Amino acid sequence: MSTSLSFKNNTKALCVLLVCFAALTACQKSDVTEKATKQLDQVSEKSSRPNIILVMTDDQGYGDLGMHDNPIVKTPLIDQLAAESQRFTNFHVDPTCSPTRSALMSGKYSLRAGVWHTVMGRHMLSDSHHILPEALADAGYETAMIGKWHLGDNYPFRPQDQGFGHVLLHGGGGVGQTPDAWNNTQFDDTYFLNGEAKKYNGFATDVWFDEAIDYIHNKSNKGKPFFLYLSTNAPHVPWRAPEQYIEPYRALGLNDDMAKFYGMIANLDENIGRLRGAMQDEKIEDNTIFIFMTDNGSSLAAKSNGEPLTWISDETKVAISEKMTSLNGFMRGGKASTYDGGHRVPFFIRWPGGKLDGAGDIDDLTAHVDVMPTLLDLAGIEHGDIDTDGISLVPALRGGTQLPDRTMVVTNQRVLDPDPNRPYSVMQGNWRYVHAEQEGDVELFDLTNDPGQTHNLIEQQPKRTAMMAKAYQDWWQHTTGQGTPTTRPIIGTQHENPTRLTSHDWLAPNTGQVPWWPGFGDDKWGDGHGWVGKEDKFKVSPWAVKIAEQGNYRFTLYLHDVEAKKTIGKTYAHLQLNDVTQMNKIAEGSQSVTFEMSLATGDLNMRAWFDDQVDNNGMESGLPAFFMYVEKVD
């Protein structure tokens with residue numbers, strides 16, 4: 001528990017409380033006195049608890065920082081933060097974003113949290129978990145989430161349903177994805193402020209930081225601590241940024257993708273400086289825990305098939321540094337890989353007033369599941385009854401105590417149902433037991449002498465191989481042994497009515513059948529890249545929901561979202577609820593079709609499509625309804 005919790009932080013308030021306490025002792029029985037003393041202690045603890053700001057960027061790998069031997073990208077302000085922080089150098093997350101976010105919020109491995117994909121309904125974090133913002137809110141914290149959530153866009157999975165009191169976000173996993181506001185491009189977009197659509201001016205990252213800075217000014221020094229979770233979409237695709245940040249990288253001779261990716265990071269770096277400036281203005285730096293981390297390995301490394309160094313001309317290499325050999329921290333792989341390049345990320349923590357050790361590196365094996373118990377520990381909040389796969393990192397942060405040896409596992413599932421043969425990495429210290437490809441062999445590496453994971457030691461280390469193979473089997477049983485149930489948005493409640501469902505959440509047969517990227521904008525991540533214009537390439541797939549209350553419901557089917565005003569161009573609309581299908585004729589020129597019916601409570605699987613047939617045969621060849629609005633109309 002934090003040793004910084006004392007009565008010294010608010011002497012005036014303490015005096016008032018002590019007078020009250022004295023009066024109680026004079027006139028009340030001992031049991032009342034004990035209760036008053038406990039209340040005093042709780043008030044004192046809450047008033048001295050630290051603020052928490054957790055910044056997490058998206059798809060920025062370990063090597064996408066100037067401080068990590070990357071001679072191209074310039075991140076002076078993040079590098080300065082790192083120099084002032086304790087740096088966990090062997091810190092791991094999942095290889096993709098939603099699983100990482102679920103583990104961060106719940107303190108549980110992503111499979112045990114029920115999140116193992118970024119689409120197909122497998123990214124929704126169940127409300128059955130008591131997650132970090134809820135635990136902090138219970139202890140008196142104000143809570144805010146800004147930017148990217150990607151753990152469910154419908155009740156009860158939204159951040160405002162799970163402990164966050166103030167929310168500004170984009171939909172889905174990236175600005176412009178199907179659950180986002182139609183036609184968002186990262187510039188002058190519509191985002192969702194506490195559940196309501198609101199138009200903003202400017203670049204997405206600047207909007208997030210503007211909102212965060214306003215929140216800091218509004219909540220600082222108001223008597224209650226706050227938790228601010230600032231989760232950017234940058235530098236996730238589509239790679240876009242204001243031209244002033246891109247042009248310096250183009251001038252180096254980098255290709256367009258690299259220039260835009262690094263331009264997004266340059267903008268992020270500048271905004272980190274603005275955020276810290278707001279903390280200084282409010283004089284809250286000393287009593288604020290500040291964390292910087294990323295959610296998985298580099299998407300640039302992944303897109304360039306490993307090392308983005310292969311994209312740089314010899315002339316550019318010489319101009320930057322003749323000794324340059326890597327842009328990914330010498331690690332193998334990028335985003336989605338179970339080699340370290342896919343899941344080892346930067347993690348910096350700073351709290352000047354928290355009696356932490358001085359800035360420096362901590363090399364113990366750590367991970368996202370450790371963040372929740374660590375923050376609760378630092379805030380002096382009891383958490384012994386919270387089910388977590390992590391450990392508190394406070395012994396390493398205070399006193400430099402070496403953390404216990406441990407085995408940790410990450411996996412990259414990205415399928416409808418979890419499969420133990422999907423890629424994974426078992427980690428013990430610097431040892432890695434890696435299954436990198438579903439059809440490939442398992443490899444064993446010692447990172448002590450082989451940080452690039454190039455020398456397979458599986459033949460030379462049979463005992464260690466067997467031990468780590470057994471560890472993986474045990475981990476799989478631990479994370480999936482209680483089942484991996486489908487999480488279902490709840491329809492027909494006062495919390496969200498109507499409910500807007502998008503094809504992002506179809507339980508599709510495979511990832512390629514999910515139209516998650518609309519393709520707005522003027523670059524190659526826009527026109528021609530997404531599903532818009534290719535609607536007939538997708539298979540009609542179900543949404544899985546739960547009906548909260550018996551009653552009358554209205555289902556409105558769209559080919560595109562409402563704002564698109566897209567004509568359907570077919571003769572019939574079909575709505576299948578479980579195994580019962582209804583059909584309505586589509587009036588010429590219609591942009592939507594409505595069904596109304598009475599429903600009982602319970603689970604419901606829904607398919608919807610448009611075609612020119614009067615029976616169900618079109619379910620195999622029809623045009624899916626990519627958006628559906630469901631409203632309880634009693």
# chains A, B, ... in the order shown; residues from 1 in each chain; ligands from 1

call {"tool": "residues_around", "arguments": {"residues": "Lys335 of chain A", "least_positions_apart": "5", "cutoff": "9 Å", "atoms": "only C-alpha atoms", "output": "list in words"}}
result
Asp59, Gln60, Gly61, Pro95, Thr96, Asn296, Gly297, Ser298, Ser299, Leu300, Ala301, Ala302, Lys303, Gly341, Gly342 and His343 of chain A

call {"tool": "select_by_dssp", "arguments": {"residues": "segment 144-298 of chain A", "states": "strand (DSSP E or B)", "output": "ChimeraX atom specification"}}
result
/A:144-148,166-170,187,190-193,196-199,203,226-231,288-294

call {"tool": "closest_atom_pairs", "arguments": {"of": "segment 219-321 of chain A", "to": "segment 367-391 of chain A", "cutoff": "10 Å", "atoms": "only C-alpha atoms", "output": "tab-separated table"}}
result
residue	atom	partner	partner_atom	distance
A:Pro225	CA	A:Ala379	CA	9.8
A:Ile289	CA	A:Leu375	CA	8.6
A:Ile291	CA	A:Val371	CA	9.8
A:Met293	CA	A:His368	CA	9.6
A:Asp295	CA	A:His368	CA	9.0

call {"tool": "write_last_selection", "arguments": {"atoms": "C-alpha atoms", "output": "tab-separated table (two decimals), in the first residue's frame"}}
result
chain	number	residue	atom	x	y	z
A	225	PRO	CA	-8.34	12.64	-7.60
A	289	ILE	CA	1.12	9.07	-11.77
A	291	ILE	CA	2.18	6.37	-17.68
A	293	MET	CA	2.73	2.88	-23.18
A	295	ASP	CA	-0.88	-1.28	-27.32

call {"tool": "residues_around", "arguments": {"residues": "Pro395 of chain A", "least_positions_apart": "4", "cutoff": "12 Å", "atoms": "only C-alpha atoms", "output": "list in words"}}
result
Met1, Ser2, Lys355, Leu356, Asp357, Ile362, Asp364, Thr374, Asp377, Leu378, Ile391, Gly399, Gly400, Thr401, Gln402, Leu403 and Pro404 of chain A

call {"tool": "write_last_selection", "arguments": {"atoms": "N, CA, C and O atoms", "output": "PDB file, in the first residue's frame"}}
result
ATOM      1  N   MET A   1       0.845  -1.192   0.000  1.00  0.00           N
ATOM      2  CA  MET A   1       0.000   0.000   0.000  1.00  0.00           C
ATOM      3  C   MET A   1       0.876   1.235   0.000  1.00  0.00           C
ATOM      4  O   MET A   1       1.961   1.260   0.581  1.00  0.00           O
ATOM      5  N   SER A   2       0.385   2.321  -0.595  1.00  0.00           N
ATOM      6  CA  SER A   2       1.179   3.536  -0.718  1.00  0.00           C
ATOM      7  C   SER A   2       1.516   4.115   0.634  1.00  0.00           C
ATOM      8  O   SER A   2       0.684   4.234   1.524  1.00  0.00           O
ATOM      9  N   LYS A 355       7.400   8.680  -3.899  1.00  0.00           N
ATOM     10  CA  LYS A 355       8.459   7.911  -3.254  1.00  0.00           C
ATOM     11  C   LYS A 355       8.877   6.701  -4.076  1.00  0.00           C
ATOM     12  O   LYS A 355       9.194   5.629  -3.541  1.00  0.00           O
ATOM     13  N   LEU A 356       8.844   6.870  -5.399  1.00  0.00           N
ATOM     14  CA  LEU A 356       9.369   5.834  -6.269  1.00  0.00           C
ATOM     15  C   LEU A 356      10.873   6.002  -6.370  1.00  0.00           C
ATOM     16  O   LEU A 356      11.431   7.055  -6.071  1.00  0.00           O
ATOM     17  N   ASP A 357      11.536   4.943  -6.798  1.00  0.00           N
ATOM     18  CA  ASP A 357      12.969   5.059  -7.062  1.00  0.00           C
ATOM     19  C   ASP A 357      13.198   6.044  -8.207  1.00  0.00           C
ATOM     20  O   ASP A 357      12.272   6.397  -8.938  1.00  0.00           O
ATOM     21  N   ILE A 362      14.070  -1.049 -15.579  1.00  0.00           N
ATOM     22  CA  ILE A 362      13.683  -2.234 -14.816  1.00  0.00           C
ATOM     23  C   ILE A 362      13.507  -3.349 -15.832  1.00  0.00           C
ATOM     24  O   ILE A 362      12.653  -3.260 -16.724  1.00  0.00           O
ATOM     25  N   ASP A 364      12.815  -6.688 -15.376  1.00  0.00           N
ATOM     26  CA  ASP A 364      12.004  -7.865 -15.050  1.00  0.00           C
ATOM     27  C   ASP A 364      10.884  -8.052 -16.074  1.00  0.00           C
ATOM     28  O   ASP A 364      10.381  -7.095 -16.660  1.00  0.00           O
ATOM     29  N   THR A 374      -1.010  -2.717  -9.933  1.00  0.00           N
ATOM     30  CA  THR A 374       0.018  -1.733  -9.596  1.00  0.00           C
ATOM     31  C   THR A 374      -0.601  -0.379  -9.278  1.00  0.00           C
ATOM     32  O   THR A 374      -0.258   0.267  -8.273  1.00  0.00           O
ATOM     33  N   ASP A 377      -2.496  -0.413  -6.029  1.00  0.00           N
ATOM     34  CA  ASP A 377      -1.525  -0.435  -4.941  1.00  0.00           C
ATOM     35  C   ASP A 377      -0.950   0.958  -4.697  1.00  0.00           C
ATOM     36  O   ASP A 377      -0.884   1.438  -3.558  1.00  0.00           O
ATOM     37  N   LEU A 378      -0.532   1.616  -5.758  1.00  0.00           N
ATOM     38  CA  LEU A 378       0.049   2.956  -5.617  1.00  0.00           C
ATOM     39  C   LEU A 378      -0.969   3.953  -5.068  1.00  0.00           C
ATOM     40  O   LEU A 378      -0.604   4.892  -4.353  1.00  0.00           O
ATOM     41  N   ILE A 391       0.532  -8.946 -11.224  1.00  0.00           N
ATOM     42  CA  ILE A 391       1.105  -8.690  -9.903  1.00  0.00           C
ATOM     43  C   ILE A 391       1.370  -7.198  -9.778  1.00  0.00           C
ATOM     44  O   ILE A 391       1.493  -6.484 -10.777  1.00  0.00           O
ATOM     45  N   GLY A 399      12.319   0.655  -3.992  1.00  0.00           N
ATOM     46  CA  GLY A 399      13.320  -0.200  -3.367  1.00  0.00           C
ATOM     47  C   GLY A 399      14.047  -1.109  -4.329  1.00  0.00           C
ATOM     48  O   GLY A 399      14.982  -1.814  -3.931  1.00  0.00           O
ATOM     49  N   GLY A 400      13.618  -1.132  -5.589  1.00  0.00           N
ATOM     50  CA  GLY A 400      14.337  -1.905  -6.589  1.00  0.00           C
ATOM     51  C   GLY A 400      14.306  -3.391  -6.359  1.00  0.00           C
ATOM     52  O   GLY A 400      15.192  -4.123  -6.826  1.00  0.00           O
ATOM     53  N   THR A 401      13.298  -3.906  -5.653  1.00  0.00           N
ATOM     54  CA  THR A 401      13.199  -5.338  -5.398  1.00  0.00           C
ATOM     55  C   THR A 401      12.951  -6.092  -6.701  1.00  0.00           C
ATOM     56  O   THR A 401      12.073  -5.721  -7.481  1.00  0.00           O
ATOM     57  N   GLN A 402      13.721  -7.144  -6.908  1.00  0.00           N
ATOM     58  CA  GLN A 402      13.516  -7.947  -8.110  1.00  0.00           C
ATOM     59  C   GLN A 402      12.178  -8.665  -8.034  1.00  0.00           C
ATOM     60  O   GLN A 402      11.813  -9.243  -7.008  1.00  0.00           O
ATOM     61  N   LEU A 403      11.434  -8.622  -9.119  1.00  0.00           N
ATOM     62  CA  LEU A 403      10.142  -9.294  -9.151  1.00  0.00           C
ATOM     63  C   LEU A 403      10.335 -10.802  -9.250  1.00  0.00           C
ATOM     64  O   LEU A 403      11.371 -11.275  -9.738  1.00  0.00           O
ATOM     65  N   PRO A 404       9.361 -11.582  -8.823  1.00  0.00           N
ATOM     66  CA  PRO A 404       9.513 -13.041  -8.860  1.00  0.00           C
ATOM     67  C   PRO A 404       9.612 -13.559 -10.285  1.00  0.00           C
ATOM     68  O   PRO A 404       9.054 -12.975 -11.222  1.00  0.00           O
TER      69      PRO A 404
END

call {"tool": "residues_around", "arguments": {"residues": "segment 501-518 of chain A", "least_positions_apart": "5", "cutoff": "9 Å", "atoms": "only C-alpha atoms", "output": "compact mmCIF listing (two decimals) with C-alpha atoms, in the first residue's frame"}}
result
# COMPACT_ATOMS: atom_id res chain seq x y z
CA VAL A 119 -13.84 -7.61 -34.89
CA MET A 120 -16.51 -10.33 -35.19
CA GLY A 121 -18.00 -9.55 -31.79
CA ARG A 122 -14.88 -10.96 -30.11
CA HIS A 123 -13.62 -7.56 -28.97
CA GLY A 152 -17.56 -2.63 -27.60
CA ASP A 153 -19.70 0.12 -29.13
CA ASN A 154 -23.02 -0.90 -27.58
CA GLY A 172 -14.57 0.85 -33.65
CA GLY A 173 -10.84 0.33 -33.78
CA GLY A 174 -9.86 3.27 -35.95
CA GLY A 176 -13.37 5.84 -40.14
CA GLN A 177 -14.10 2.21 -39.32
CA THR A 178 -17.66 0.96 -39.68
CA PRO A 179 -18.83 1.74 -36.10
CA TRP A 182 -19.96 7.94 -41.32
CA ASN A 183 -17.32 9.68 -43.46
CA ARG A 414 -8.07 -13.38 -34.61
CA VAL A 415 -10.58 -16.17 -35.31
CA LEU A 416 -14.24 -16.66 -34.43
CA GLY A 526 -9.13 5.26 -48.32
CA ASP A 527 -10.59 4.89 -51.79
CA HIS A 529 -9.16 -0.12 -49.74
CA GLY A 530 -12.34 -0.60 -47.77
CA TRP A 531 -15.63 -2.36 -48.26
CA VAL A 532 -17.60 0.53 -49.75
CA GLU A 535 -20.76 -4.82 -50.77
CA LYS A 537 -18.28 -9.57 -51.74
CA PHE A 538 -19.48 -10.12 -48.17
CA LYS A 539 -21.45 -13.05 -46.79
CA VAL A 540 -24.63 -12.45 -44.80
CA SER A 541 -23.57 -13.09 -41.19
CA PRO A 542 -25.34 -12.90 -37.84
CA TRP A 543 -25.36 -10.36 -35.05
CA ALA A 544 -25.64 -11.91 -31.59
CA ASP A 561 -25.45 4.15 -42.55
CA PRO A 624 -26.11 -7.80 -46.50
CA ALA A 625 -27.63 -5.04 -44.41
CA PHE A 626 -24.41 -3.52 -43.09
CA PHE A 627 -26.22 -1.38 -40.50
CA MET A 628 -29.26 -2.04 -38.35
CA TYR A 629 -31.06 0.12 -35.79
CA VAL A 630 -33.14 -1.73 -33.19
